[in-house]
$ cat data34.txt   # compact mmCIF, C-alpha atoms
# COMPACT_ATOMS: atom_id res chain seq x y z
CA MET A 22 126.37 88.68 112.01
CA SER A 23 122.96 88.76 110.36
CA HIS A 24 122.31 90.64 107.12
CA LYS A 25 120.30 93.22 109.06
CA ASN A 26 123.30 93.92 111.27
CA LYS A 27 125.49 94.31 108.19
CA ILE A 28 123.02 96.77 106.68
CA ALA A 29 123.03 98.72 109.93
CA GLU A 30 126.81 98.98 109.57
CA LEU A 31 126.38 100.30 106.03
CA PHE A 32 123.97 102.97 107.27
CA LEU A 33 126.49 103.94 109.96
CA GLY A 34 129.07 104.30 107.19
CA CYS A 35 126.70 106.68 105.42
CA LEU A 36 126.46 108.81 108.56
CA GLN A 37 130.23 108.88 108.83
CA TYR A 38 130.46 109.97 105.20
CA GLY A 39 128.31 113.03 105.86
CA ALA A 40 129.78 113.89 109.28
CA PRO A 41 131.03 117.44 110.02
CA THR A 42 134.27 118.27 108.23
CA THR A 43 135.23 121.37 110.23
CA ASP A 44 134.27 123.05 113.50
CA ASN A 45 132.44 125.70 111.49
CA ASP A 46 130.42 123.18 109.53
CA THR A 47 126.74 124.09 109.86
CA GLU A 48 123.93 121.64 110.50
CA ILE A 49 122.23 122.77 107.32
CA ALA A 50 125.32 121.97 105.26
CA MET A 51 125.62 118.60 106.97
CA ILE A 52 121.97 117.72 106.33
CA ARG A 53 122.43 118.61 102.67
CA ARG A 54 125.39 116.24 102.44
CA TYR A 55 123.28 113.48 103.98
CA LYS A 56 120.51 114.25 101.46
CA PHE A 57 118.10 114.57 104.40
CA GLN A 58 115.24 117.04 104.68
CA ASN A 59 115.24 118.23 108.28
CA ILE A 60 117.75 119.35 110.88
CA GLY A 61 118.10 116.57 113.41
CA ASP A 62 117.45 113.80 110.88
CA ASP A 63 121.03 112.60 111.32
CA LYS A 64 120.44 112.05 115.05
CA LYS A 65 117.10 110.40 114.35
CA MET A 66 118.81 108.13 111.83
CA ARG A 67 121.44 107.14 114.39
CA SER A 68 118.72 106.30 116.93
CA CYS A 69 116.95 104.14 114.36
CA ILE A 70 120.15 102.29 113.49
CA ASP A 71 120.88 101.62 117.17
CA LEU A 72 117.33 100.36 117.69
CA LEU A 73 117.61 98.15 114.62
CA GLU A 74 120.77 96.53 116.01
CA ASP A 75 119.44 96.23 119.58
CA THR A 76 116.19 94.57 118.53
CA GLU A 77 118.06 92.28 116.16
CA CYS A 78 119.97 90.94 119.18
CA ALA A 79 116.67 89.98 120.80
CA ILE A 80 115.31 88.42 117.60
CA ILE A 81 118.49 86.38 117.09
CA ASN A 82 118.30 85.15 120.69
CA PHE A 83 114.74 83.98 120.07
CA CYS A 84 115.86 82.14 116.93
CA GLU A 85 118.54 80.43 119.02
CA TYR A 86 116.40 79.36 121.99
CA GLN A 87 112.75 80.09 121.05
CA LEU A 88 110.77 80.39 124.31
CA CYS A 89 113.02 78.27 126.54
CA THR A 90 116.76 78.67 127.07
CA ASN A 91 117.19 75.49 129.13
CA LEU A 92 115.53 72.32 127.87
CA LYS A 93 116.15 70.64 131.23
CA LYS A 94 114.18 73.32 133.08
CA ASP A 95 110.93 74.27 131.40
CA ASP A 96 110.04 77.60 133.04
CA LEU A 97 106.55 78.87 132.19
CA GLY A 98 107.42 82.37 133.36
CA GLU A 99 110.37 82.47 131.00
CA ARG A 100 108.11 81.42 128.14
CA TYR A 101 105.83 84.40 128.74
CA LEU A 102 108.77 86.76 129.18
CA ARG A 103 110.36 85.66 125.92
CA LEU A 104 107.04 85.75 124.06
CA TYR A 105 106.33 89.35 125.07
CA GLY A 106 109.99 90.22 124.51
CA VAL A 107 110.33 88.97 120.95
CA LEU A 108 106.94 90.38 119.88
CA ASN A 109 107.80 93.84 121.12
CA ALA A 110 111.35 93.63 119.77
CA ILE A 111 109.85 93.01 116.33
CA TYR A 112 107.35 95.84 116.84
CA LEU A 113 110.17 98.25 117.70
CA GLN A 114 112.30 97.03 114.80
CA ILE A 115 109.42 97.53 112.37
CA HIS A 116 109.12 101.14 113.45
CA SER A 117 112.88 101.69 113.24
CA ILE A 118 112.79 100.52 109.61
CA ILE A 119 109.77 102.69 108.82
CA GLU A 120 111.49 105.74 110.31
CA ILE A 121 114.69 105.03 108.35
CA ALA A 122 112.55 104.91 105.21
CA GLU A 123 111.02 108.25 106.21
CA VAL A 124 114.36 109.97 106.89
CA VAL A 125 115.91 108.88 103.58
CA LYS A 126 112.66 109.60 101.71
CA TYR A 127 112.31 106.07 100.41
CA PRO A 128 109.61 106.20 97.70
CA LEU A 129 108.01 102.87 98.66
CA LYS A 130 107.52 103.71 102.32
CA LYS A 131 103.75 103.06 102.17
CA LYS A 132 104.40 99.59 100.75
CA VAL A 133 106.85 98.94 103.59
CA ILE A 134 104.22 99.93 106.14
CA ASN A 135 101.54 97.79 104.50
CA ASP A 136 103.79 94.73 104.35
CA PHE A 137 104.63 95.01 108.04
CA PHE A 138 101.22 96.00 109.39
CA ASN A 139 99.44 93.26 107.42
CA HIS A 140 101.84 90.56 108.59
CA LYS A 141 100.50 88.01 111.08
CA ILE A 142 103.36 88.73 113.49
CA PHE A 143 102.10 92.30 113.79
CA GLU A 144 98.58 91.07 114.54
CA LEU A 145 99.90 88.63 117.15
CA ARG A 146 101.94 91.39 118.76
CA ASN A 147 98.88 93.63 119.04
CA ILE A 148 96.77 90.80 120.44
CA ALA A 149 99.22 89.10 122.79
CA GLY A 150 101.80 91.77 123.49
CA SER A 151 99.84 94.99 123.76
CA HIS A 152 96.03 95.01 123.74
CA MET A 153 95.01 91.61 125.06
CA VAL A 154 92.05 92.93 127.06
CA ASN A 155 91.11 96.01 125.01
CA TYR A 156 91.72 95.15 121.36
CA LYS A 157 89.91 97.09 118.64
CA THR A 158 89.25 94.57 115.89
CA GLY A 159 89.80 95.57 112.29
CA LYS A 160 88.74 94.21 108.94
CA SER A 161 91.94 92.35 108.07
CA GLU A 162 91.85 89.74 110.81
CA THR A 163 90.62 86.38 109.58
CA PHE A 164 89.52 84.78 112.83
CA ILE A 165 88.02 87.68 114.77
CA SER A 166 84.38 88.75 114.49
CA PRO A 167 82.49 90.98 114.37
CA PRO A 168 84.79 93.68 112.92
CA ASN A 169 85.36 97.09 114.47
CA ARG A 170 84.41 95.97 117.97
CA LEU A 171 86.33 95.98 121.23
CA ASN A 172 87.57 92.48 121.86
CA TYR A 173 89.60 90.64 124.46
CA PHE A 174 91.82 87.58 124.37
CA ARG A 175 93.44 84.87 126.39
CA LEU A 176 96.37 82.63 125.63
CA THR A 177 95.63 78.95 126.16
CA GLN A 178 98.39 77.71 128.43
CA CYS A 179 97.98 74.03 127.54
CA ASP A 180 98.89 74.80 123.90
CA PHE A 181 101.70 77.22 124.73
CA LYS A 182 104.71 75.26 123.46
CA ARG A 183 108.26 76.12 124.39
CA ASP A 184 109.46 75.76 120.79
CA GLY A 185 107.17 78.63 119.74
CA GLN A 186 105.30 76.55 117.18
CA SER A 187 101.96 76.86 118.95
CA VAL A 188 100.55 80.06 120.46
CA VAL A 189 96.77 79.69 120.59
CA MET A 190 94.74 82.85 121.16
CA VAL A 191 91.03 82.72 122.01
CA ASP A 192 88.89 85.84 121.69
CA GLY A 193 85.74 87.02 123.45
CA PHE A 194 83.46 85.75 120.68
CA GLY A 195 84.62 82.14 120.87
CA ASN A 196 87.02 82.39 117.93
CA TYR A 197 90.56 81.08 118.15
CA GLU A 198 93.70 80.90 116.06
CA ASN A 199 96.92 78.97 116.42
CA PHE A 200 99.94 81.15 115.60
CA ASN A 201 103.22 79.44 114.72
CA LEU A 202 105.40 82.09 116.31
CA ARG A 203 108.68 80.59 115.18
CA GLU A 204 107.67 80.46 111.50
CA LEU A 205 106.19 83.97 111.70
CA VAL A 206 109.50 85.29 113.05
CA TYR A 207 111.43 83.55 110.27
CA ASP A 208 109.08 85.00 107.65
CA TYR A 209 109.24 88.48 109.18
CA ASN A 210 113.03 88.35 109.08
CA ILE A 211 113.01 87.67 105.34
CA ILE A 212 110.62 90.55 104.65
CA SER A 213 112.46 93.05 106.88
CA GLU A 214 115.83 92.02 105.45
CA ASN A 215 114.64 92.54 101.88
CA TRP A 216 113.17 95.96 102.64
CA LEU A 217 116.33 97.09 104.41
CA ILE A 218 118.44 96.04 101.43
CA SER A 219 116.15 97.97 99.09
CA ILE A 220 116.09 101.08 101.30
CA CYS A 221 119.87 101.07 101.73
CA GLU A 222 120.41 100.52 98.01
CA LYS A 223 118.19 103.47 97.10
CA TYR A 224 119.71 105.78 99.71
CA THR A 225 123.34 104.99 98.91
CA GLY A 226 122.56 105.48 95.23
CA THR A 227 121.46 109.03 96.07
CA LEU A 228 124.10 109.77 98.70
CA PHE A 229 127.05 108.60 96.60
CA LYS A 230 125.79 109.95 93.29
CA THR A 231 128.98 111.97 92.83
CA ASN A 232 131.20 109.20 94.21
CA PRO A 233 130.64 106.22 91.86
CA ASN A 234 133.48 104.17 93.35
CA LEU A 235 132.00 104.27 96.85
CA LYS A 236 128.52 103.67 95.48
CA SER A 237 129.80 100.60 93.65
CA LYS A 238 131.39 99.21 96.83
CA TYR A 239 128.19 99.62 98.84
CA HIS A 240 126.03 98.10 96.12
CA GLU A 241 128.43 95.18 95.73
CA VAL A 242 127.93 94.34 99.41
CA LEU A 243 124.16 94.69 99.09
CA ASN A 244 124.09 92.49 95.98
CA ASP A 245 125.97 89.78 97.89
CA LEU A 246 123.37 89.97 100.66
CA LYS A 247 120.60 89.60 98.09
CA LYS A 248 122.06 86.41 96.66
CA VAL A 249 121.88 84.38 99.86
CA PRO A 250 119.36 85.47 102.52
CA PHE A 251 120.52 85.04 106.08
CA ASP A 252 119.40 81.66 107.44
CA TYR A 253 117.93 82.28 110.89
CA ARG A 254 116.94 78.62 111.17
CA LYS A 255 120.56 77.55 111.45
CA LEU A 256 120.80 79.52 114.71
CA ASP A 257 118.54 77.03 116.51
CA LYS A 258 120.66 75.71 119.38
CA HIS A 259 117.94 73.37 120.63
CA LYS A 260 117.96 71.60 117.27
CA ASN A 261 121.63 70.76 117.80
CA VAL A 262 120.91 69.59 121.36
CA GLU A 263 118.07 67.36 120.17
CA ALA A 264 120.24 65.96 117.38
CA LEU A 265 123.00 65.14 119.88
CA ARG A 266 120.46 63.54 122.20
CA MET A 267 119.12 61.37 119.38
CA ARG A 268 122.64 60.27 118.46
CA LYS A 269 123.25 59.25 122.07
CA ILE A 270 119.98 57.31 122.14
CA GLU A 271 120.85 55.59 118.85
CA LYS A 272 124.27 54.69 120.25
CA ILE A 273 122.74 53.21 123.40
CA LEU A 274 120.22 51.21 121.36
CA ALA A 275 123.02 49.94 119.12
CA GLU A 276 125.02 48.82 122.18
CA ILE A 277 121.97 47.04 123.61
CA GLU A 278 121.35 45.32 120.28
CA ALA A 279 125.01 44.27 120.09
CA ARG A 280 124.87 42.81 123.63
CA ASN A 281 121.68 40.92 122.76
CA ARG A 282 123.30 39.45 119.67
CA THR A 283 126.31 38.37 121.75
CA TYR A 284 124.04 36.87 124.39
CA ASN A 285 121.92 35.01 121.82
CA SER A 286 124.95 33.66 119.99
CA GLY A 287 126.29 32.33 123.29
CA GLU A 288 123.17 30.27 123.74
$ encode --input "data34.txt" --output "structure tokens"
Amino acid sequence: MSHKNKIAELFLGCLQYGAPTTDNDTEIAMIRRYKFQNIGDDKKMRSCIDLLEDTECAIINFCEYQLCTNLKKDDLGERYLRLYGVLNAIYLQIHSIIEIAEVVKYPLKKKVINDFFNHKIFELRNIAGSHMVNYKTGKSETFISPPNRLNYFRLTQCDFKRDGQSVVMVDGFGNYENFNLRELVYDYNIISENWLISICEKYTGTLFKTNPNLKSKYHEVLNDLKKVPFDYRKLDKHKNVEALRMRKIEKILAEIEARNRTYNSGE
């Protein structure tokens, strides 16, 4: 279970803490217990938590297999499907985190938005996963010119690697950039994990203000998550396959060398 999944469980625990206590419990009273602002925020929060968990499943699957689930069958269609899938999973997860920050009135929400929207993975999603033929260029992109113009892109198939380390986008003005999708996903995961920890820490501090024991338990879990970030790289199943393949090759080479030594000594 990734840290983001664990944080989602903590948020679910917060919703359970503020759940109706009697049949006559009013929505207004419930919202006050949650420390929310608007009626319906509890349902919105639950939707955001579900989306966070669902998209995390897709992101974890990408970290396991990148753009190809079967190394023996390199399917170009699968590569495109998984590219569009992981980019839009991240896009949806970003917005789930932003909405959680909004519901709990997280004071650094604008910083959260800036960190996500200025990340290269967000730019790649907009270029490759949403507006490939009608992209409005902004001022933050480093390889697109001129700014504030409609642009269009194509993905160069010859550089489209199944390990996700090379996604080359060419724009309508002759500019290009090579995105290392795998590294961008890893980096995004660190940023999103850190923001979720901070948001959950702030919210539970407010929610459990009158329950210091429960607050302490939640913050103890969050502090443990801070100490050791979740290592998405270790999920790479292809890395294990390649390592096993190399060991087999080394074993075969060693056997050949041993036979040659035996043959030469016989001479």
$ closest_residue --input "data34.txt" --among "A:Leu104, A:Ile121, A:Leu243, A:Ile111" --to "Ile142 of chain A" --atoms "all atoms listed in the file"
A:Ile111
$ residues_around --input "data34.txt" --residues "Ala122 of chain A" --least-positions-apart "4" --cutoff "12 Å" --atoms "all atoms listed in the file" --output "ChimeraX atom specification"
/A:32,57,62,65-66,69-70,115-118,126-134,213,216-224
$ closest_residue --input "data34.txt" --among "A:Leu102, A:Phe200, A:Gln58, A:Asp184" --to "Phe143 of chain A" --atoms "all atoms listed in the file"
A:Phe200
$ atom_distance --input "data34.txt" --atom1 "atom CA of Leu108 of chain A" --atom2 "atom CA of Val125 of chain A"
26.2 Å
$ atom_distance --input "data34.txt" --atom1 "atom CA of Lys248 of chain A" --atom2 "atom CA of Thr227 of chain A"
22.6 Å
$ closest_residue --input "data34.txt" --among "A:Asn196, A:Thr231, A:Asn244, A:Thr225" --to "Cys35 of chain A" --atoms "all atoms listed in the file"
A:Thr225
$ closest_residue --input "data34.txt" --among "A:Tyr101, A:Tyr239, A:Lys272, A:Phe251" --to "Gly34 of chain A" --atoms "all atoms listed in the file"
A:Tyr239
$ residues_near_point --input "data34.txt" --point "(122.3, 82.9, 110.5)" --cutoff "10 Å" --atoms "all atoms listed in the file" --output "mmCIF file with C-alpha atoms, keeping the file's coordinate frame"
data_model
loop_
_atom_site.group_PDB
_atom_site.id
_atom_site.type_symbol
_atom_site.label_atom_id
_atom_site.label_comp_id
_atom_site.auth_asym_id
_atom_site.auth_seq_id
_atom_site.Cartn_x
_atom_site.Cartn_y
_atom_site.Cartn_z
ATOM 1 C CA MET A 22 126.370 88.680 112.010
ATOM 2 C CA SER A 23 122.960 88.760 110.360
ATOM 3 C CA HIS A 24 122.310 90.640 107.120
ATOM 4 C CA ILE A 81 118.490 86.380 117.090
ATOM 5 C CA CYS A 84 115.860 82.140 116.930
ATOM 6 C CA GLU A 85 118.540 80.430 119.020
ATOM 7 C CA PRO A 250 119.360 85.470 102.520
ATOM 8 C CA PHE A 251 120.520 85.040 106.080
ATOM 9 C CA ASP A 252 119.400 81.660 107.440
ATOM 10 C CA TYR A 253 117.930 82.280 110.890
ATOM 11 C CA ARG A 254 116.940 78.620 111.170
ATOM 12 C CA LYS A 255 120.560 77.550 111.450
ATOM 13 C CA LEU A 256 120.800 79.520 114.710
ATOM 14 C CA ASP A 257 118.540 77.030 116.510
#
$ atom_distance --input "data34.txt" --atom1 "atom CA of Ser187 of chain A" --atom2 "atom CA of Arg103 of chain A"
14.0 Å
$ residues_near_point --input "data34.txt" --point "(103.4, 77.6, 118.4)" --cutoff "8 Å" --atoms "only C-alpha atoms" --output "list in words"
Asp180, Phe181, Lys182, Arg183, Asp184, Gly185, Gln186, Ser187, Val188, Val189, Asn199, Phe200, Asn201, Leu202 and Arg203 of chain A
$ closest_residue --input "data34.txt" --among "A:Ala149, A:Ile52, A:Ile273, A:Ala29" --to "Gln114 of chain A" --atoms "all atoms listed in the file"
A:Ala29
$ residues_around --input "data34.txt" --residues "Lys64 of chain A" --least-positions-apart "4" --cutoff "12 Å" --atoms "all atoms listed in the file" --output "PyMOL selection string"
chain A and resi 33+36+40+48+51-52+55+57+59-60+68-71+120-121+124
$ build_atoms --input "data34.txt" --residues "segment 39-69 of chain A" --atoms "N, CA and C atoms" --output "short mmCIF file (atom, residue, chain, number, x, y, z; two decimals), in the coordinates of the input"
data_model
loop_
_atom_site.label_atom_id
_atom_site.label_comp_id
_atom_site.auth_asym_id
_atom_site.auth_seq_id
_atom_site.Cartn_x
_atom_site.Cartn_y
_atom_site.Cartn_z
N GLY A 39 128.86 111.67 105.84
CA GLY A 39 128.31 113.03 105.86
C GLY A 39 128.60 113.80 107.12
N ALA A 40 129.48 113.26 107.99
CA ALA A 40 129.78 113.89 109.28
C ALA A 40 130.45 115.25 109.09
N PRO A 41 130.41 116.11 110.12
CA PRO A 41 131.03 117.44 110.02
C PRO A 41 132.49 117.37 109.61
N THR A 42 132.89 118.25 108.72
CA THR A 42 134.27 118.27 108.23
C THR A 42 135.14 119.30 108.95
N THR A 43 134.50 120.34 109.48
CA THR A 43 135.23 121.37 110.23
C THR A 43 134.38 121.80 111.41
N ASP A 44 135.00 122.54 112.34
CA ASP A 44 134.27 123.05 113.50
C ASP A 44 133.20 124.05 113.09
N ASN A 45 133.39 124.69 111.95
CA ASN A 45 132.44 125.70 111.49
C ASN A 45 131.36 125.13 110.57
N ASP A 46 131.40 123.82 110.40
CA ASP A 46 130.42 123.18 109.53
C ASP A 46 129.01 123.34 110.12
N THR A 47 128.09 123.85 109.35
CA THR A 47 126.74 124.09 109.86
C THR A 47 125.88 122.84 109.72
N GLU A 48 124.85 122.78 110.56
CA GLU A 48 123.93 121.64 110.50
C GLU A 48 123.23 121.58 109.15
N ILE A 49 122.91 122.73 108.61
CA ILE A 49 122.23 122.77 107.32
C ILE A 49 123.11 122.16 106.23
N ALA A 50 124.39 122.52 106.25
CA ALA A 50 125.32 121.97 105.26
C ALA A 50 125.46 120.45 105.43
N MET A 51 125.48 120.03 106.69
CA MET A 51 125.62 118.60 106.97
C MET A 51 124.38 117.82 106.49
N ILE A 52 123.20 118.37 106.75
CA ILE A 52 121.97 117.72 106.33
C ILE A 52 121.91 117.61 104.80
N ARG A 53 122.41 118.65 104.13
CA ARG A 53 122.43 118.61 102.67
C ARG A 53 123.34 117.50 102.16
N ARG A 54 124.48 117.31 102.85
CA ARG A 54 125.39 116.24 102.44
C ARG A 54 124.74 114.86 102.63
N TYR A 55 123.97 114.75 103.72
CA TYR A 55 123.28 113.48 103.98
C TYR A 55 122.10 113.25 103.02
N LYS A 56 121.70 114.30 102.32
CA LYS A 56 120.51 114.25 101.46
C LYS A 56 119.24 114.08 102.30
N PHE A 57 119.28 114.59 103.54
CA PHE A 57 118.10 114.57 104.40
C PHE A 57 117.29 115.85 104.19
N GLN A 58 116.13 115.90 104.84
CA GLN A 58 115.24 117.04 104.68
C GLN A 58 115.24 117.99 105.87
N ASN A 59 115.42 117.43 107.07
CA ASN A 59 115.24 118.23 108.28
C ASN A 59 116.46 118.20 109.18
N ILE A 60 116.70 119.31 109.86
CA ILE A 60 117.75 119.35 110.88
C ILE A 60 117.39 118.38 111.99
N GLY A 61 118.34 117.59 112.39
CA GLY A 61 118.10 116.57 113.41
C GLY A 61 117.85 115.19 112.83
N ASP A 62 117.69 115.11 111.51
CA ASP A 62 117.45 113.80 110.88
C ASP A 62 118.65 112.87 111.05
N ASP A 63 119.85 113.44 111.13
CA ASP A 63 121.03 112.60 111.32
C ASP A 63 120.99 111.91 112.68
N LYS A 64 120.55 112.64 113.70
CA LYS A 64 120.44 112.05 115.05
C LYS A 64 119.31 111.03 115.10
N LYS A 65 118.22 111.34 114.42
CA LYS A 65 117.10 110.40 114.35
C LYS A 65 117.54 109.12 113.65
N MET A 66 118.31 109.28 112.57
CA MET A 66 118.81 108.13 111.83
C MET A 66 119.69 107.25 112.72
N ARG A 67 120.55 107.90 113.51
CA ARG A 67 121.44 107.14 114.39
C ARG A 67 120.63 106.37 115.43
N SER A 68 119.58 106.99 115.97
CA SER A 68 118.72 106.30 116.93
C SER A 68 118.05 105.09 116.30
N CYS A 69 117.60 105.25 115.07
CA CYS A 69 116.95 104.14 114.36
C CYS A 69 117.92 102.99 114.11
#
